[in-house]
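One structure is given below, encoded as structure tokens.
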Amino acid sequence: MSFRSYAIALSLICALVLQIMPLPAFVDLYRPDWVLLVLCYWTLALPHRVNIGVAFVIGLILDVLLGSSLGVHSFAMCVSIYVLAANYKRLRNYSLWQQAIVIGIISAFYNLVVFWLQHLLTDVYFLITYMWPVVSSMIIWPWLFWLLRKLRRQLRIS
């Protein structure tokens, strides 16, 4: 088996590592939702290979890695990827900055669902700083899109 066969899985593993990598506290507030961004790219590019099932499994892995209640990130990831997968044909035709805005909306939805579930399960209260990853995800999207598209085209992943 070649690297081409494992490129999607390796990109998701890299996103998981970036998601749990320790950062200083003032930088950690702005950490983009790396796993969500990579899943969004692969769902837009290859919806027949990366879909809600992959989002569910990756969400469970993220729950275990972050130590949150099992199923919180998984549910939020599944709902977010479902919204994206249902509209992938339309979103593919948007320009990159329009896609960044849509990704920001999906990231905000993801973060709000995670907060809502954590609020129901524990006693967490909303702070506006929970939305800083949305801004950084919107800023990172064009570069991540370009990088993953280049990888997909060079390896001829379909």
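Simple scheme: letters A, B, ... for chains in structure tokens order, numbers from 1 for residues in each chain, numbers from 1 for ligands in the order shown.
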Within 12 Å of region 86-108 of chain A, which residues of region 47-77 of chain A come that close, and what is the closest atom pair and distance in Å for each? Count only C-alpha atoms and give it as a tab-separated table.
```
residue	atom	partner	partner_atom	distance
A:Pro47	CA	A:Tyr88	CA	7.8
A:His48	CA	A:Tyr88	CA	11.1
A:Val50	CA	A:Tyr88	CA	11.9
A:Asn51	CA	A:Ala86	CA	10.1
A:Ile52	CA	A:Ala86	CA	10.5
A:Ala76	CA	A:Ser107	CA	9.9
A:Met77	CA	A:Ser107	CA	9.6
```
How would the residues just picked look written out with N, CA, C and O atoms as a PDB file, in the first residue's frame?
```
ATOM      1  N   PRO A  47     -16.819  13.627  -0.636  1.00  0.00           N
ATOM      2  CA  PRO A  47     -17.929  13.286   0.267  1.00  0.00           C
ATOM      3  C   PRO A  47     -18.272  11.801   0.290  1.00  0.00           C
ATOM      4  O   PRO A  47     -18.885  11.332   1.243  1.00  0.00           O
ATOM      5  N   HIS A  48     -17.851  11.054  -0.712  1.00  0.00           N
ATOM      6  CA  HIS A  48     -18.134   9.616  -0.724  1.00  0.00           C
ATOM      7  C   HIS A  48     -17.155   8.837   0.158  1.00  0.00           C
ATOM      8  O   HIS A  48     -17.422   7.694   0.502  1.00  0.00           O
ATOM      9  N   VAL A  50     -15.258  10.583   3.020  1.00  0.00           N
ATOM     10  CA  VAL A  50     -15.253  11.179   4.354  1.00  0.00           C
ATOM     11  C   VAL A  50     -16.635  11.771   4.583  1.00  0.00           C
ATOM     12  O   VAL A  50     -17.045  12.695   3.896  1.00  0.00           O
ATOM     13  N   ASN A  51     -17.343  11.195   5.552  1.00  0.00           N
ATOM     14  CA  ASN A  51     -18.727  11.607   5.787  1.00  0.00           C
ATOM     15  C   ASN A  51     -19.023  11.559   7.288  1.00  0.00           C
ATOM     16  O   ASN A  51     -18.110  11.647   8.107  1.00  0.00           O
ATOM     17  N   ILE A  52     -20.268  11.405   7.633  1.00  0.00           N
ATOM     18  CA  ILE A  52     -20.694  11.449   9.027  1.00  0.00           C
ATOM     19  C   ILE A  52     -20.105  10.303   9.843  1.00  0.00           C
ATOM     20  O   ILE A  52     -19.776  10.479  11.018  1.00  0.00           O
ATOM     21  N   ALA A  76     -21.362  16.798  18.128  1.00  0.00           N
ATOM     22  CA  ALA A  76     -21.203  18.116  17.499  1.00  0.00           C
ATOM     23  C   ALA A  76     -20.533  17.986  16.134  1.00  0.00           C
ATOM     24  O   ALA A  76     -20.916  18.677  15.179  1.00  0.00           O
ATOM     25  N   MET A  77     -19.545  17.104  16.030  1.00  0.00           N
ATOM     26  CA  MET A  77     -18.851  16.894  14.759  1.00  0.00           C
ATOM     27  C   MET A  77     -19.801  16.289  13.727  1.00  0.00           C
ATOM     28  O   MET A  77     -19.825  16.718  12.567  1.00  0.00           O
TER      29      MET A  77
END
```
Margin query: Please return, as a VMD selection string, all residues of chain A that DSSP assigns to helix (DSSP H, G or I) on the basis of the backbone.
Written below: chain A and resid 3 to 20 25 to 28 34 to 45 52 to 66 72 to 86 88 to 92 96 to 121 128 to 155
Please produce a file of the residues just selected, as a compact mmCIF listing (two decimals), in the first residue's frame, where the atoms kept are C-alpha atoms.
```
# COMPACT_ATOMS: atom_id res chain seq x y z
CA PHE A 3 1.20 6.73 1.06
CA ARG A 4 -1.74 7.69 -1.15
CA SER A 5 -3.93 5.12 0.59
CA TYR A 6 -3.29 6.62 4.00
CA ALA A 7 -3.17 10.34 3.18
CA ILE A 8 -6.64 11.14 4.53
CA ALA A 9 -6.04 9.19 7.75
CA LEU A 10 -2.62 10.80 8.23
CA SER A 11 -4.05 14.29 7.72
CA LEU A 12 -6.70 13.55 10.35
CA ILE A 13 -4.04 12.24 12.75
CA CYS A 14 -2.01 15.42 12.20
CA ALA A 15 -5.14 17.46 12.95
CA LEU A 16 -5.70 15.49 16.16
CA VAL A 17 -2.10 16.15 17.20
CA LEU A 18 -2.49 19.87 16.47
CA GLN A 19 -5.72 19.89 18.46
CA ILE A 20 -4.13 18.49 21.64
CA ALA A 25 -2.66 29.87 27.83
CA PHE A 26 -2.99 33.14 25.91
CA VAL A 27 -2.42 31.37 22.57
CA ASP A 28 -4.63 28.39 23.45
CA TRP A 34 -8.07 21.70 13.38
CA VAL A 35 -10.01 18.44 13.31
CA LEU A 36 -13.18 20.15 12.16
CA LEU A 37 -11.32 22.06 9.44
CA VAL A 38 -9.63 18.95 8.05
CA LEU A 39 -12.91 17.01 8.15
CA CYS A 40 -14.63 19.90 6.38
CA TYR A 41 -12.04 19.90 3.62
CA TRP A 42 -12.24 16.16 3.01
CA THR A 43 -16.04 16.25 3.16
CA LEU A 44 -16.12 18.99 0.52
CA ALA A 45 -13.49 17.31 -1.66
CA ILE A 52 -20.69 11.45 9.03
CA GLY A 53 -19.34 8.01 9.97
CA VAL A 54 -15.76 9.26 9.86
CA ALA A 55 -16.82 12.37 11.81
CA PHE A 56 -18.38 10.14 14.48
CA VAL A 57 -15.23 8.05 14.95
CA ILE A 58 -12.90 11.07 14.90
CA GLY A 59 -15.21 12.84 17.36
CA LEU A 60 -15.01 9.88 19.76
CA ILE A 61 -11.22 9.90 19.48
CA LEU A 62 -11.24 13.64 20.19
CA ASP A 63 -13.46 13.07 23.24
CA VAL A 64 -10.96 10.57 24.60
CA LEU A 65 -7.96 12.77 23.86
CA LEU A 66 -9.50 15.89 25.41
CA VAL A 72 -19.91 15.47 23.15
CA HIS A 73 -17.44 16.25 20.36
CA SER A 74 -18.67 13.28 18.38
CA PHE A 75 -22.25 14.54 18.30
CA ALA A 76 -21.20 18.12 17.50
CA MET A 77 -18.85 16.89 14.76
CA CYS A 78 -21.55 14.67 13.21
CA VAL A 79 -24.13 17.47 13.12
CA SER A 80 -21.64 19.96 11.66
CA ILE A 81 -20.39 17.56 8.99
CA TYR A 82 -23.97 16.59 8.14
CA VAL A 83 -24.82 20.24 7.43
CA LEU A 84 -21.70 20.53 5.29
CA ALA A 85 -22.25 17.22 3.46
CA ALA A 86 -25.86 18.10 2.68
CA TYR A 88 -21.32 20.26 -0.48
CA LYS A 89 -22.25 20.78 -4.15
CA ARG A 90 -23.25 24.36 -3.49
CA LEU A 91 -20.29 25.10 -1.21
CA ARG A 92 -17.75 23.82 -3.73
CA LEU A 96 -12.39 30.76 -1.01
CA TRP A 97 -13.33 33.75 1.15
CA GLN A 98 -17.02 32.79 0.94
CA GLN A 99 -16.10 29.26 1.99
CA ALA A 100 -14.14 30.74 4.91
CA ILE A 101 -17.29 32.53 6.07
CA VAL A 102 -19.34 29.32 5.80
CA ILE A 103 -16.62 27.41 7.65
CA GLY A 104 -16.74 30.09 10.34
CA ILE A 105 -20.49 29.61 10.69
CA ILE A 106 -20.06 25.83 10.89
CA SER A 107 -17.26 26.26 13.43
CA ALA A 108 -19.45 28.58 15.52
CA PHE A 109 -22.26 26.02 15.35
CA TYR A 110 -19.82 23.27 16.38
CA ASN A 111 -18.51 25.27 19.34
CA LEU A 112 -22.02 26.21 20.46
CA VAL A 113 -23.20 22.57 20.32
CA VAL A 114 -20.14 21.49 22.32
CA PHE A 115 -20.82 24.23 24.89
CA TRP A 116 -24.50 23.37 25.06
CA LEU A 117 -23.80 19.68 25.68
CA GLN A 118 -21.12 20.44 28.26
CA HIS A 119 -23.49 22.86 29.98
CA LEU A 120 -26.13 20.13 30.17
CA LEU A 121 -23.67 17.53 31.50
CA ILE A 128 -17.27 35.05 24.77
CA THR A 129 -13.71 33.68 24.63
CA TYR A 130 -15.20 30.33 23.54
CA MET A 131 -15.78 31.92 20.12
CA TRP A 132 -12.17 32.95 19.41
CA PRO A 133 -11.46 29.61 17.67
CA VAL A 134 -14.14 30.53 15.14
CA VAL A 135 -12.17 33.60 14.04
CA SER A 136 -8.88 31.72 13.84
CA SER A 137 -10.55 28.86 11.93
CA MET A 138 -11.85 31.33 9.35
CA ILE A 139 -8.37 32.83 8.97
CA ILE A 140 -6.64 29.43 8.69
CA TRP A 141 -9.16 27.94 6.20
CA PRO A 142 -7.71 29.35 2.94
CA TRP A 143 -4.20 28.11 3.72
CA LEU A 144 -5.39 24.71 4.94
CA PHE A 145 -7.62 24.38 1.87
CA TRP A 146 -4.69 25.18 -0.40
CA LEU A 147 -2.37 22.74 1.40
CA LEU A 148 -4.80 19.81 1.43
CA ARG A 149 -5.91 20.43 -2.17
CA LYS A 150 -2.27 20.40 -3.27
CA LEU A 151 -1.74 17.14 -1.37
CA ARG A 152 -4.89 15.62 -2.88
CA ARG A 153 -3.92 16.59 -6.43
CA GLN A 154 -0.29 15.48 -6.18
CA LEU A 155 -1.27 12.09 -4.78
```
